[in-house]
>>> print(open('model.txt').read())   # compact mmCIF, N, CA and C atoms
# COMPACT_ATOMS: atom_id res chain seq x y z
N GLN A 1 101.14 -9.77 69.49
CA GLN A 1 100.19 -10.81 69.78
C GLN A 1 100.77 -11.85 70.74
N ILE A 2 102.05 -12.14 70.56
CA ILE A 2 102.68 -13.14 71.42
C ILE A 2 102.77 -12.63 72.85
N ILE A 3 103.13 -11.38 73.02
CA ILE A 3 103.22 -10.80 74.36
C ILE A 3 101.85 -10.75 75.01
N ASP A 4 100.82 -10.42 74.25
CA ASP A 4 99.46 -10.43 74.79
C ASP A 4 99.06 -11.85 75.23
N HIS A 5 99.46 -12.84 74.45
CA HIS A 5 99.15 -14.22 74.81
C HIS A 5 99.89 -14.64 76.09
N ILE A 6 101.14 -14.22 76.22
CA ILE A 6 101.91 -14.51 77.43
C ILE A 6 101.26 -13.84 78.64
N ASP A 7 100.81 -12.60 78.47
CA ASP A 7 100.12 -11.91 79.57
C ASP A 7 98.83 -12.62 79.95
N TYR A 8 98.10 -13.09 78.95
CA TYR A 8 96.87 -13.85 79.23
C TYR A 8 97.18 -15.13 80.00
N LEU A 9 98.23 -15.84 79.59
CA LEU A 9 98.60 -17.07 80.27
C LEU A 9 99.05 -16.79 81.71
N ASP A 10 99.77 -15.70 81.92
CA ASP A 10 100.19 -15.34 83.28
C ASP A 10 98.99 -15.06 84.17
N THR A 11 97.99 -14.34 83.65
CA THR A 11 96.80 -14.06 84.46
C THR A 11 95.99 -15.34 84.71
N ALA A 12 95.96 -16.23 83.74
CA ALA A 12 95.25 -17.50 83.93
C ALA A 12 95.95 -18.35 84.98
N ILE A 13 97.27 -18.37 84.96
CA ILE A 13 98.03 -19.11 85.96
C ILE A 13 97.79 -18.54 87.35
N GLU A 14 97.79 -17.22 87.47
CA GLU A 14 97.54 -16.58 88.76
C GLU A 14 96.14 -16.91 89.27
N ALA A 15 95.14 -16.89 88.39
CA ALA A 15 93.78 -17.20 88.80
C ALA A 15 93.65 -18.64 89.25
N LEU A 16 94.27 -19.56 88.53
CA LEU A 16 94.22 -20.97 88.91
C LEU A 16 94.98 -21.22 90.21
N THR A 17 96.11 -20.56 90.39
CA THR A 17 96.87 -20.71 91.63
C THR A 17 96.06 -20.22 92.82
N GLN A 18 95.36 -19.12 92.64
CA GLN A 18 94.52 -18.58 93.72
C GLN A 18 93.38 -19.54 94.04
N GLU A 19 92.77 -20.13 93.02
CA GLU A 19 91.67 -21.07 93.25
C GLU A 19 92.16 -22.33 93.95
N ILE A 20 93.35 -22.80 93.58
CA ILE A 20 93.92 -23.98 94.23
C ILE A 20 94.18 -23.68 95.71
N CYS A 21 94.74 -22.52 95.99
CA CYS A 21 95.00 -22.15 97.38
C CYS A 21 93.71 -22.04 98.19
N GLU A 22 92.65 -21.51 97.57
CA GLU A 22 91.37 -21.41 98.28
C GLU A 22 90.78 -22.78 98.57
N ARG A 23 90.91 -23.71 97.63
CA ARG A 23 90.35 -25.04 97.83
C ARG A 23 91.16 -25.88 98.81
N LEU A 24 92.43 -25.53 99.00
CA LEU A 24 93.28 -26.28 99.92
C LEU A 24 93.28 -25.71 101.33
N VAL A 25 92.49 -24.69 101.61
CA VAL A 25 92.45 -24.12 102.95
C VAL A 25 92.08 -25.17 104.00
N PRO A 26 91.08 -26.04 103.77
CA PRO A 26 90.78 -27.05 104.79
C PRO A 26 91.90 -28.07 105.00
N PHE A 27 92.83 -28.15 104.08
CA PHE A 27 93.90 -29.14 104.15
C PHE A 27 95.26 -28.52 104.47
N GLU A 28 95.27 -27.31 105.06
CA GLU A 28 96.54 -26.63 105.32
C GLU A 28 97.46 -27.44 106.23
N ILE A 29 96.89 -28.08 107.24
CA ILE A 29 97.71 -28.87 108.16
C ILE A 29 98.32 -30.06 107.42
N GLY A 30 97.54 -30.72 106.58
CA GLY A 30 98.05 -31.85 105.81
C GLY A 30 99.14 -31.44 104.83
N VAL A 31 98.95 -30.29 104.18
CA VAL A 31 99.96 -29.80 103.23
C VAL A 31 101.25 -29.48 103.97
N ALA A 32 101.13 -28.85 105.15
CA ALA A 32 102.33 -28.53 105.94
C ALA A 32 103.03 -29.79 106.42
N LEU A 33 102.25 -30.78 106.80
CA LEU A 33 102.83 -32.04 107.29
C LEU A 33 103.54 -32.79 106.16
N VAL A 34 102.90 -32.87 105.01
CA VAL A 34 103.51 -33.58 103.87
C VAL A 34 104.72 -32.84 103.34
N SER A 35 104.67 -31.52 103.32
CA SER A 35 105.81 -30.76 102.79
C SER A 35 106.99 -30.75 103.76
N SER A 36 106.82 -31.25 104.98
CA SER A 36 107.96 -31.34 105.90
C SER A 36 108.85 -32.53 105.57
N ILE A 37 108.40 -33.41 104.69
CA ILE A 37 109.20 -34.56 104.26
C ILE A 37 110.29 -34.07 103.29
N PRO A 38 111.54 -34.51 103.46
CA PRO A 38 112.60 -34.07 102.54
C PRO A 38 112.27 -34.46 101.10
N GLY A 39 112.46 -33.49 100.20
CA GLY A 39 112.22 -33.73 98.77
C GLY A 39 110.84 -33.31 98.30
N ILE A 40 109.93 -33.05 99.23
CA ILE A 40 108.56 -32.68 98.84
C ILE A 40 108.38 -31.18 99.05
N SER A 41 108.13 -30.49 97.95
CA SER A 41 107.88 -29.05 98.00
C SER A 41 106.40 -28.80 98.30
N ALA A 42 106.04 -27.53 98.44
CA ALA A 42 104.64 -27.19 98.71
C ALA A 42 103.76 -27.59 97.53
N THR A 43 104.26 -27.41 96.32
CA THR A 43 103.48 -27.78 95.13
C THR A 43 103.27 -29.29 95.06
N THR A 44 104.31 -30.06 95.35
CA THR A 44 104.18 -31.51 95.35
C THR A 44 103.22 -31.97 96.44
N ALA A 45 103.28 -31.33 97.60
CA ALA A 45 102.35 -31.65 98.68
C ALA A 45 100.91 -31.35 98.27
N GLN A 46 100.71 -30.28 97.54
CA GLN A 46 99.37 -29.95 97.05
C GLN A 46 98.87 -31.01 96.07
N VAL A 47 99.76 -31.51 95.22
CA VAL A 47 99.37 -32.56 94.28
C VAL A 47 99.00 -33.84 95.03
N ILE A 48 99.79 -34.19 96.04
CA ILE A 48 99.51 -35.39 96.81
C ILE A 48 98.16 -35.28 97.51
N ILE A 49 97.90 -34.16 98.14
CA ILE A 49 96.62 -33.96 98.83
C ILE A 49 95.47 -33.95 97.82
N ALA A 50 95.68 -33.31 96.69
CA ALA A 50 94.61 -33.24 95.68
C ALA A 50 94.28 -34.61 95.11
N GLU A 51 95.30 -35.43 94.87
CA GLU A 51 95.06 -36.74 94.27
C GLU A 51 94.50 -37.76 95.25
N THR A 52 94.93 -37.69 96.51
CA THR A 52 94.44 -38.65 97.50
C THR A 52 93.19 -38.16 98.20
N GLY A 53 92.87 -36.90 98.08
CA GLY A 53 91.70 -36.37 98.77
C GLY A 53 91.97 -36.02 100.21
N GLY A 54 93.18 -36.21 100.67
CA GLY A 54 93.53 -35.90 102.04
C GLY A 54 93.05 -36.93 103.04
N ASP A 55 92.33 -37.95 102.59
CA ASP A 55 91.81 -38.98 103.48
C ASP A 55 92.59 -40.26 103.26
N MET A 56 93.49 -40.56 104.16
CA MET A 56 94.33 -41.75 104.01
C MET A 56 93.68 -43.00 104.60
N SER A 57 92.48 -42.88 105.17
CA SER A 57 91.84 -44.04 105.78
C SER A 57 91.40 -45.07 104.73
N LYS A 58 91.28 -44.65 103.47
CA LYS A 58 90.90 -45.61 102.43
C LYS A 58 92.06 -46.50 102.00
N PHE A 59 93.26 -46.18 102.48
CA PHE A 59 94.44 -47.01 102.21
C PHE A 59 94.86 -47.67 103.51
N PRO A 60 94.64 -48.98 103.65
CA PRO A 60 94.98 -49.66 104.92
C PRO A 60 96.47 -49.58 105.27
N THR A 61 97.32 -49.65 104.26
CA THR A 61 98.77 -49.60 104.50
C THR A 61 99.42 -48.69 103.47
N ALA A 62 100.69 -48.38 103.71
CA ALA A 62 101.44 -47.57 102.76
C ALA A 62 101.61 -48.30 101.43
N GLU A 63 101.66 -49.64 101.49
CA GLU A 63 101.79 -50.43 100.27
C GLU A 63 100.57 -50.28 99.37
N HIS A 64 99.40 -50.17 99.98
CA HIS A 64 98.18 -49.97 99.20
C HIS A 64 98.21 -48.62 98.48
N LEU A 65 98.69 -47.59 99.17
CA LEU A 65 98.80 -46.27 98.55
C LEU A 65 99.80 -46.31 97.40
N CYS A 66 100.94 -46.97 97.59
CA CYS A 66 101.94 -47.08 96.52
C CYS A 66 101.39 -47.83 95.32
N ALA A 67 100.63 -48.88 95.57
CA ALA A 67 100.04 -49.63 94.47
C ALA A 67 99.01 -48.79 93.74
N TRP A 68 98.22 -48.02 94.48
CA TRP A 68 97.20 -47.17 93.85
C TRP A 68 97.85 -46.06 93.03
N ALA A 69 99.00 -45.58 93.48
CA ALA A 69 99.70 -44.52 92.76
C ALA A 69 100.46 -45.05 91.56
N GLY A 70 100.59 -46.36 91.45
CA GLY A 70 101.33 -46.93 90.32
C GLY A 70 102.81 -47.01 90.57
N LEU A 71 103.22 -47.02 91.83
CA LEU A 71 104.64 -47.07 92.17
C LEU A 71 105.09 -48.46 92.59
N ALA A 72 104.16 -49.32 92.93
CA ALA A 72 104.52 -50.67 93.35
C ALA A 72 104.75 -51.55 92.13
N PRO A 73 105.70 -52.46 92.22
CA PRO A 73 105.94 -53.33 91.07
C PRO A 73 104.79 -54.32 90.88
N ALA A 74 104.46 -54.55 89.65
CA ALA A 74 103.45 -55.55 89.33
C ALA A 74 104.11 -56.92 89.36
N SER A 75 103.32 -57.94 89.52
CA SER A 75 103.90 -59.28 89.57
C SER A 75 103.30 -60.12 88.46
N TYR A 76 104.13 -60.94 87.90
CA TYR A 76 103.69 -61.86 86.87
C TYR A 76 104.28 -63.21 87.22
N GLU A 77 103.43 -64.13 87.62
CA GLU A 77 103.89 -65.45 88.01
C GLU A 77 103.11 -66.49 87.23
N SER A 78 103.84 -67.41 86.63
CA SER A 78 103.23 -68.48 85.88
C SER A 78 104.06 -69.74 86.09
N ALA A 79 103.40 -70.82 86.45
CA ALA A 79 104.05 -72.11 86.69
C ALA A 79 105.13 -72.00 87.75
N GLY A 80 104.90 -71.14 88.76
CA GLY A 80 105.84 -71.01 89.85
C GLY A 80 107.05 -70.14 89.54
N LYS A 81 107.12 -69.58 88.34
CA LYS A 81 108.24 -68.72 87.98
C LYS A 81 107.78 -67.27 88.02
N ARG A 82 108.56 -66.45 88.68
CA ARG A 82 108.24 -65.02 88.77
C ARG A 82 109.01 -64.26 87.70
N ARG A 83 108.30 -63.41 87.01
CA ARG A 83 108.92 -62.61 85.96
C ARG A 83 108.61 -61.15 86.20
N SER A 84 109.48 -60.31 85.72
CA SER A 84 109.29 -58.88 85.86
C SER A 84 108.11 -58.42 85.00
N ALA A 85 107.30 -57.56 85.56
CA ALA A 85 106.14 -57.07 84.81
C ALA A 85 106.07 -55.54 84.84
N GLY A 86 107.15 -54.88 85.22
CA GLY A 86 107.14 -53.42 85.28
C GLY A 86 106.37 -52.93 86.49
N THR A 87 105.75 -51.78 86.37
CA THR A 87 104.96 -51.24 87.46
C THR A 87 103.50 -51.26 87.10
N ARG A 88 102.66 -51.10 88.10
CA ARG A 88 101.22 -51.12 87.89
C ARG A 88 100.75 -49.81 87.29
N HIS A 89 99.57 -49.85 86.72
CA HIS A 89 98.95 -48.62 86.25
C HIS A 89 98.30 -47.94 87.44
N GLY A 90 98.34 -46.63 87.47
CA GLY A 90 97.76 -45.92 88.60
C GLY A 90 97.57 -44.46 88.26
N SER A 91 97.50 -43.65 89.28
CA SER A 91 97.32 -42.21 89.12
C SER A 91 98.60 -41.61 88.54
N THR A 92 98.55 -41.16 87.30
CA THR A 92 99.76 -40.69 86.63
C THR A 92 100.29 -39.40 87.24
N SER A 93 99.41 -38.49 87.62
CA SER A 93 99.91 -37.23 88.18
C SER A 93 100.51 -37.44 89.56
N LEU A 94 99.92 -38.32 90.36
CA LEU A 94 100.50 -38.62 91.67
C LEU A 94 101.83 -39.36 91.51
N ARG A 95 101.89 -40.26 90.55
CA ARG A 95 103.12 -40.99 90.30
C ARG A 95 104.24 -40.05 89.89
N ARG A 96 103.95 -39.13 89.00
CA ARG A 96 104.96 -38.17 88.56
C ARG A 96 105.44 -37.30 89.71
N ALA A 97 104.51 -36.85 90.54
CA ALA A 97 104.87 -36.01 91.69
C ALA A 97 105.75 -36.77 92.67
N MET A 98 105.42 -38.04 92.92
CA MET A 98 106.20 -38.84 93.86
C MET A 98 107.59 -39.16 93.32
N ILE A 99 107.69 -39.41 92.03
CA ILE A 99 108.99 -39.68 91.42
C ILE A 99 109.85 -38.42 91.48
N GLU A 100 109.27 -37.27 91.21
CA GLU A 100 109.99 -36.01 91.29
C GLU A 100 110.48 -35.76 92.72
N ALA A 101 109.63 -36.05 93.70
CA ALA A 101 110.02 -35.87 95.10
C ALA A 101 111.13 -36.83 95.49
N ALA A 102 111.07 -38.07 95.01
CA ALA A 102 112.11 -39.04 95.32
C ALA A 102 113.45 -38.63 94.73
N ARG A 103 113.42 -38.12 93.53
CA ARG A 103 114.67 -37.66 92.91
C ARG A 103 115.23 -36.45 93.64
N ALA A 104 114.37 -35.55 94.07
CA ALA A 104 114.83 -34.38 94.82
C ALA A 104 115.39 -34.79 96.17
N ALA A 105 114.75 -35.76 96.82
CA ALA A 105 115.26 -36.23 98.12
C ALA A 105 116.59 -36.95 97.97
N ALA A 106 116.76 -37.66 96.87
CA ALA A 106 118.02 -38.37 96.64
C ALA A 106 119.17 -37.41 96.42
N ARG A 107 118.90 -36.24 95.89
CA ARG A 107 119.94 -35.26 95.64
C ARG A 107 120.17 -34.32 96.81
N SER A 108 119.29 -34.31 97.80
CA SER A 108 119.45 -33.39 98.92
C SER A 108 120.46 -33.92 99.91
N LYS A 109 121.19 -33.01 100.53
CA LYS A 109 122.24 -33.40 101.47
C LYS A 109 121.70 -33.30 102.89
N GLY A 110 122.24 -34.10 103.77
CA GLY A 110 121.86 -34.06 105.16
C GLY A 110 120.61 -34.87 105.47
N THR A 111 120.19 -35.73 104.55
CA THR A 111 119.04 -36.60 104.80
C THR A 111 119.49 -38.03 104.61
N TYR A 112 118.71 -38.93 105.10
CA TYR A 112 119.04 -40.34 104.92
C TYR A 112 118.16 -40.92 103.87
>>> encode(input="model.txt", output="structure tokens")
Amino acid sequence: QIIDHIDYLDTAIEALTQEICERLVPFEIGVALVSSIPGISATTAQVIIAETGGDMSKFPTAEHLCAWAGLAPASYESAGKRRSAGTRHGSTSLRRAMIEAARAAARSKGTY
């Protein structure tokens, strides 16, 4: 039963992977461009395109995208004193993908 379940999961993964590839056909150039960045694999590029929709015009600056992804620090200021407030809430799957890419880029050699 366990082997049958593993086989079922493998076929489900293959079907979902095929559907993802079919839906990303219009975004092939964007996926190739994003995956050329050190630390970003093809899968991470697919997550980035899927979460942002491939349309970056809705983000005026890179800081807006970081804030939307939950990567920008939140600010807490009261009576002129600034205190740490952690990071903002945002897209959890995009945040996880970007953190994974940053860690991979930090460990890669020959990049700055």
>>> closest_atom_pairs(input="model.txt", of="range 41-75 of chain A", to="range 89-99 of chain A", cutoff="6.5 Å", atoms="only N, CA and C atoms", output="tab-separated table")
residue	atom	partner	partner_atom	distance
A:Thr44	CA	A:Ala97	CA	5.8
A:Val47	C	A:Leu94	CA	6.0
A:Ile48	CA	A:Leu94	CA	6.2
A:Glu51	CA	A:Leu94	CA	6.3
A:Ala67	C	A:Gly90	CA	6.0
A:Trp68	C	A:Gly90	CA	4.4
A:Ala69	C	A:Ser91	N	4.0
A:Gly70	N	A:Gly90	CA	4.0
A:Leu71	N	A:Arg95	CA	6.2
>>> atom_distance(input="model.txt", atom1="CA of Pro38 in chain A", atom2="CA of Ser108 in chain A")
7.8 Å
>>> atom_distance(input="model.txt", atom1="CA of Ala104 in chain A", atom2="CA of Leu33 in chain A")
17.5 Å
>>> select_by_dssp(input="model.txt", residues="chain A", states="alpha helix (DSSP H)", output="NGL selection string")
:A and (2-23 or 28-35 or 42-52 or 62-69 or 92-107)
>>> atom_distance(input="model.txt", atom1="atom C of Ser36 in chain A", atom2="atom C of Gly110 in chain A")
12.0 Å
>>> closest_residue(input="model.txt", among="A:Ser84, A:Phe27, A:Glu22, A:Thr17", to="Ile49 in chain A", atoms="only N, CA and C atoms")
A:Phe27
>>> axis_aligned_box(input="model.txt", around="range 65-84 of chain A", padding_each_side="5 Å", output="JSON")
{"center_x": 103.3, "center_y": -58.3, "center_z": 92.1, "size_x": 22.3, "size_y": 37.6, "size_z": 24.2}
>>> select_by_dssp(input="model.txt", residues="range 4-112 of chain A", states="strand (DSSP E or B)", output="PyMOL selection string")
chain A and resi 73-78+81-87
>>> closest_residue(input="model.txt", among="A:Thr61, A:Gly39, A:Gly53, A:Gln46", to="Ala106 in chain A", atoms="only N, CA and C atoms")
A:Gly39
